[in-house]
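These notes are about the structure you will find just below.
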Amino acid sequence: MTHESQADKKPFSIPQLLICELVLQTAEGHSALQFAREVKRSSPLTFVVIWSATAAESAPARLACFDLGANMVTQCVPSLEEVVGHIARHGRQGGKLSCVACGMQGLTEDELWAHYPMFHCNNPNIATRCVLC
């Protein structure tokens with residue numbers, strides 16, 4: 001017989017990670033962006049990374065990627081490793097907070113503080129009250 005604590009029973013949302021390699025101005029690049037956009041629309045908990053040296057070095061290309069739902073545009077391995085680490089820790093500490101933008105549950109104050117700008121900095125502002133304030 002196992003004993004479950006209340007924290008074990010609390011549901012939480014697990015974010016997903018999608019990494020798309022992008023070759024700008026090619027059919028494959030266009031398809032990758034469209035795929036990333038559709039994934040983001042259907043699963044707001046997905047953190048979309050566009051892996052592209054060209055896009056990472058071009059502000060207009062980065063903005064276009066963000067407009068299509070990307071959360072990050074990079075070709076920097078340490079930066080990607082840091083984001084993957086943050087995402088892997090989301091919702092693992094049994095917090096009681098939820099994100100007002102995407103509904104991710106089970107976040108602590110620190111996790112929500114890291115989550116919101118990482119997942120939603122490119123989204124339009126929403127009229128709501130901050131759950132931390």
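The way I read the labels, and the way they are meant: chains A, B, ... in the order of the structure tokens, residue 1 as the first residue of every chain, and ligand 1 as the first ligand shown, with later ones counted on from there.
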
Exercise. Could you find all residues in chain A that DSSP calls alpha helix (DSSP H) from the backbone, and write them as a VMD selection string?
Key: chain A and resid 6 to 9 27 to 42 53 to 56 59 to 67 77 to 89 109 to 120

Write a file of the just-selected residues containing C-alpha atoms, as a PDB file, in the first residue's frame.
ATOM      1  CA  GLN A   6      -2.113  16.011  -1.183  1.00  0.00           C
ATOM      2  CA  ALA A   7       0.745  17.368  -3.314  1.00  0.00           C
ATOM      3  CA  ASP A   8       0.937  14.007  -5.116  1.00  0.00           C
ATOM      4  CA  LYS A   9      -2.765  14.213  -5.975  1.00  0.00           C
ATOM      5  CA  ALA A  27      10.040  25.638 -48.629  1.00  0.00           C
ATOM      6  CA  GLU A  28      11.364  23.654 -45.673  1.00  0.00           C
ATOM      7  CA  GLY A  29      11.824  26.823 -43.639  1.00  0.00           C
ATOM      8  CA  HIS A  30       8.318  28.007 -44.435  1.00  0.00           C
ATOM      9  CA  SER A  31       6.926  24.587 -43.480  1.00  0.00           C
ATOM     10  CA  ALA A  32       8.833  24.614 -40.173  1.00  0.00           C
ATOM     11  CA  LEU A  33       7.364  27.997 -39.253  1.00  0.00           C
ATOM     12  CA  GLN A  34       3.843  26.920 -40.202  1.00  0.00           C
ATOM     13  CA  PHE A  35       4.255  23.710 -38.188  1.00  0.00           C
ATOM     14  CA  ALA A  36       5.501  25.672 -35.174  1.00  0.00           C
ATOM     15  CA  ARG A  37       2.522  28.036 -35.462  1.00  0.00           C
ATOM     16  CA  GLU A  38       0.013  25.192 -35.571  1.00  0.00           C
ATOM     17  CA  VAL A  39       1.625  23.429 -32.608  1.00  0.00           C
ATOM     18  CA  LYS A  40       1.553  26.643 -30.566  1.00  0.00           C
ATOM     19  CA  ARG A  41      -2.108  27.251 -31.439  1.00  0.00           C
ATOM     20  CA  SER A  42      -3.170  23.757 -30.464  1.00  0.00           C
ATOM     21  CA  ALA A  53      21.784  31.145 -37.144  1.00  0.00           C
ATOM     22  CA  THR A  54      20.316  33.373 -39.843  1.00  0.00           C
ATOM     23  CA  ALA A  55      17.136  34.152 -37.904  1.00  0.00           C
ATOM     24  CA  ALA A  56      19.022  34.559 -34.615  1.00  0.00           C
ATOM     25  CA  ALA A  59      15.908  41.228 -35.892  1.00  0.00           C
ATOM     26  CA  PRO A  60      13.214  41.193 -38.631  1.00  0.00           C
ATOM     27  CA  ALA A  61      13.506  37.401 -38.953  1.00  0.00           C
ATOM     28  CA  ARG A  62      13.305  36.936 -35.169  1.00  0.00           C
ATOM     29  CA  LEU A  63      10.222  39.147 -34.974  1.00  0.00           C
ATOM     30  CA  ALA A  64       8.580  37.184 -37.796  1.00  0.00           C
ATOM     31  CA  CYS A  65       9.270  33.946 -35.896  1.00  0.00           C
ATOM     32  CA  PHE A  66       7.814  35.426 -32.702  1.00  0.00           C
ATOM     33  CA  ASP A  67       4.725  36.601 -34.617  1.00  0.00           C
ATOM     34  CA  VAL A  77      23.631  25.696 -27.171  1.00  0.00           C
ATOM     35  CA  PRO A  78      24.160  27.071 -23.611  1.00  0.00           C
ATOM     36  CA  SER A  79      21.068  29.293 -23.932  1.00  0.00           C
ATOM     37  CA  LEU A  80      18.996  26.375 -25.166  1.00  0.00           C
ATOM     38  CA  GLU A  81      20.290  24.174 -22.317  1.00  0.00           C
ATOM     39  CA  GLU A  82      19.306  26.830 -19.780  1.00  0.00           C
ATOM     40  CA  VAL A  83      15.759  27.075 -21.166  1.00  0.00           C
ATOM     41  CA  VAL A  84      15.382  23.292 -21.260  1.00  0.00           C
ATOM     42  CA  GLY A  85      16.431  23.186 -17.598  1.00  0.00           C
ATOM     43  CA  HIS A  86      13.819  25.784 -16.642  1.00  0.00           C
ATOM     44  CA  ILE A  87      11.099  23.970 -18.573  1.00  0.00           C
ATOM     45  CA  ALA A  88      12.027  20.622 -17.013  1.00  0.00           C
ATOM     46  CA  ARG A  89      11.543  22.105 -13.526  1.00  0.00           C
ATOM     47  CA  GLU A 109       5.895  31.816  -7.075  1.00  0.00           C
ATOM     48  CA  ASP A 110       9.427  31.415  -8.430  1.00  0.00           C
ATOM     49  CA  GLU A 111       8.299  29.081 -11.219  1.00  0.00           C
ATOM     50  CA  LEU A 112       5.499  31.458 -12.269  1.00  0.00           C
ATOM     51  CA  TRP A 113       7.937  34.372 -12.147  1.00  0.00           C
ATOM     52  CA  ALA A 114      10.226  32.482 -14.578  1.00  0.00           C
ATOM     53  CA  HIS A 115       7.405  30.960 -16.647  1.00  0.00           C
ATOM     54  CA  TYR A 116       5.414  34.045 -17.600  1.00  0.00           C
ATOM     55  CA  PRO A 117       8.107  36.062 -19.411  1.00  0.00           C
ATOM     56  CA  MET A 118       9.678  32.928 -20.895  1.00  0.00           C
ATOM     57  CA  PHE A 119       6.409  31.648 -22.398  1.00  0.00           C
ATOM     58  CA  HIS A 120       4.431  34.850 -22.924  1.00  0.00           C
TER      59      HIS A 120
END

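The gap separating atom CA of A:Ser52 from atom CA of A:Asn122 is 18.4 Å, in Å to one decimal.
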
Quiz item: Could you write out, as a ChimeraX atom specification, all the residues of chain A that DSSP marks as strand (DSSP E or B)?
Solution: /A:16-21,46-51,72-74,97,107

Can those selected residues be exported to a file as a PDB file, in the first residue's frame so that it contains N, CA and C atoms?
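Okay, result-v4.pdb is ready:
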ATOM      1  N   GLN A  16       5.643  21.325 -22.846  1.00  0.00           N
ATOM      2  CA  GLN A  16       6.327  20.563 -23.881  1.00  0.00           C
ATOM      3  C   GLN A  16       7.368  21.464 -24.537  1.00  0.00           C
ATOM      4  N   LEU A  17       8.295  20.870 -25.243  1.00  0.00           N
ATOM      5  CA  LEU A  17       9.337  21.608 -25.943  1.00  0.00           C
ATOM      6  C   LEU A  17       9.352  21.165 -27.392  1.00  0.00           C
ATOM      7  N   LEU A  18       9.327  22.115 -28.309  1.00  0.00           N
ATOM      8  CA  LEU A  18       9.432  21.840 -29.738  1.00  0.00           C
ATOM      9  C   LEU A  18      10.589  22.651 -30.279  1.00  0.00           C
ATOM     10  N   ILE A  19      11.524  21.982 -30.944  1.00  0.00           N
ATOM     11  CA  ILE A  19      12.643  22.666 -31.573  1.00  0.00           C
ATOM     12  C   ILE A  19      12.551  22.432 -33.068  1.00  0.00           C
ATOM     13  N   CYS A  20      12.443  23.524 -33.836  1.00  0.00           N
ATOM     14  CA  CYS A  20      12.378  23.445 -35.292  1.00  0.00           C
ATOM     15  C   CYS A  20      13.626  24.081 -35.876  1.00  0.00           C
ATOM     16  N   GLU A  21      14.295  23.355 -36.756  1.00  0.00           N
ATOM     17  CA  GLU A  21      15.416  23.948 -37.472  1.00  0.00           C
ATOM     18  C   GLU A  21      14.845  24.734 -38.636  1.00  0.00           C
ATOM     19  N   THR A  46       3.295  24.496 -25.101  1.00  0.00           N
ATOM     20  CA  THR A  46       4.496  24.117 -25.836  1.00  0.00           C
ATOM     21  C   THR A  46       5.416  25.319 -25.985  1.00  0.00           C
ATOM     22  N   PHE A  47       6.665  25.141 -25.602  1.00  0.00           N
ATOM     23  CA  PHE A  47       7.687  26.168 -25.768  1.00  0.00           C
ATOM     24  C   PHE A  47       8.350  25.911 -27.114  1.00  0.00           C
ATOM     25  N   VAL A  48       8.179  26.840 -28.044  1.00  0.00           N
ATOM     26  CA  VAL A  48       8.658  26.654 -29.414  1.00  0.00           C
ATOM     27  C   VAL A  48       9.998  27.365 -29.596  1.00  0.00           C
ATOM     28  N   VAL A  49      11.007  26.593 -29.992  1.00  0.00           N
ATOM     29  CA  VAL A  49      12.341  27.120 -30.256  1.00  0.00           C
ATOM     30  C   VAL A  49      12.612  26.998 -31.752  1.00  0.00           C
ATOM     31  N   ILE A  50      13.009  28.094 -32.359  1.00  0.00           N
ATOM     32  CA  ILE A  50      13.471  28.072 -33.749  1.00  0.00           C
ATOM     33  C   ILE A  50      14.987  28.082 -33.705  1.00  0.00           C
ATOM     34  N   TRP A  51      15.579  27.042 -34.275  1.00  0.00           N
ATOM     35  CA  TRP A  51      17.032  26.886 -34.297  1.00  0.00           C
ATOM     36  C   TRP A  51      17.522  27.376 -35.659  1.00  0.00           C
ATOM     37  N   MET A  72      11.425  31.351 -28.679  1.00  0.00           N
ATOM     38  CA  MET A  72      12.868  31.577 -28.657  1.00  0.00           C
ATOM     39  C   MET A  72      13.419  31.323 -30.048  1.00  0.00           C
ATOM     40  N   VAL A  73      14.359  32.176 -30.469  1.00  0.00           N
ATOM     41  CA  VAL A  73      15.076  31.989 -31.728  1.00  0.00           C
ATOM     42  C   VAL A  73      16.548  32.025 -31.363  1.00  0.00           C
ATOM     43  N   THR A  74      17.262  30.950 -31.652  1.00  0.00           N
ATOM     44  CA  THR A  74      18.650  30.870 -31.199  1.00  0.00           C
ATOM     45  C   THR A  74      19.449  29.892 -32.048  1.00  0.00           C
ATOM     46  N   LEU A  97      -0.073  27.822  -7.746  1.00  0.00           N
ATOM     47  CA  LEU A  97      -0.425  28.900  -8.658  1.00  0.00           C
ATOM     48  C   LEU A  97      -0.615  28.379 -10.083  1.00  0.00           C
ATOM     49  N   LEU A 107       2.363  25.708 -10.207  1.00  0.00           N
ATOM     50  CA  LEU A 107       3.577  26.510 -10.174  1.00  0.00           C
ATOM     51  C   LEU A 107       3.768  27.173  -8.812  1.00  0.00           C
TER      52      LEU A 107
END

Quiz item: So how far away is atom CA of A:Asn71 from atom CA of A:Ala127, in Å?
Solution: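 Here the two named atoms are 21.0 Å from each other.
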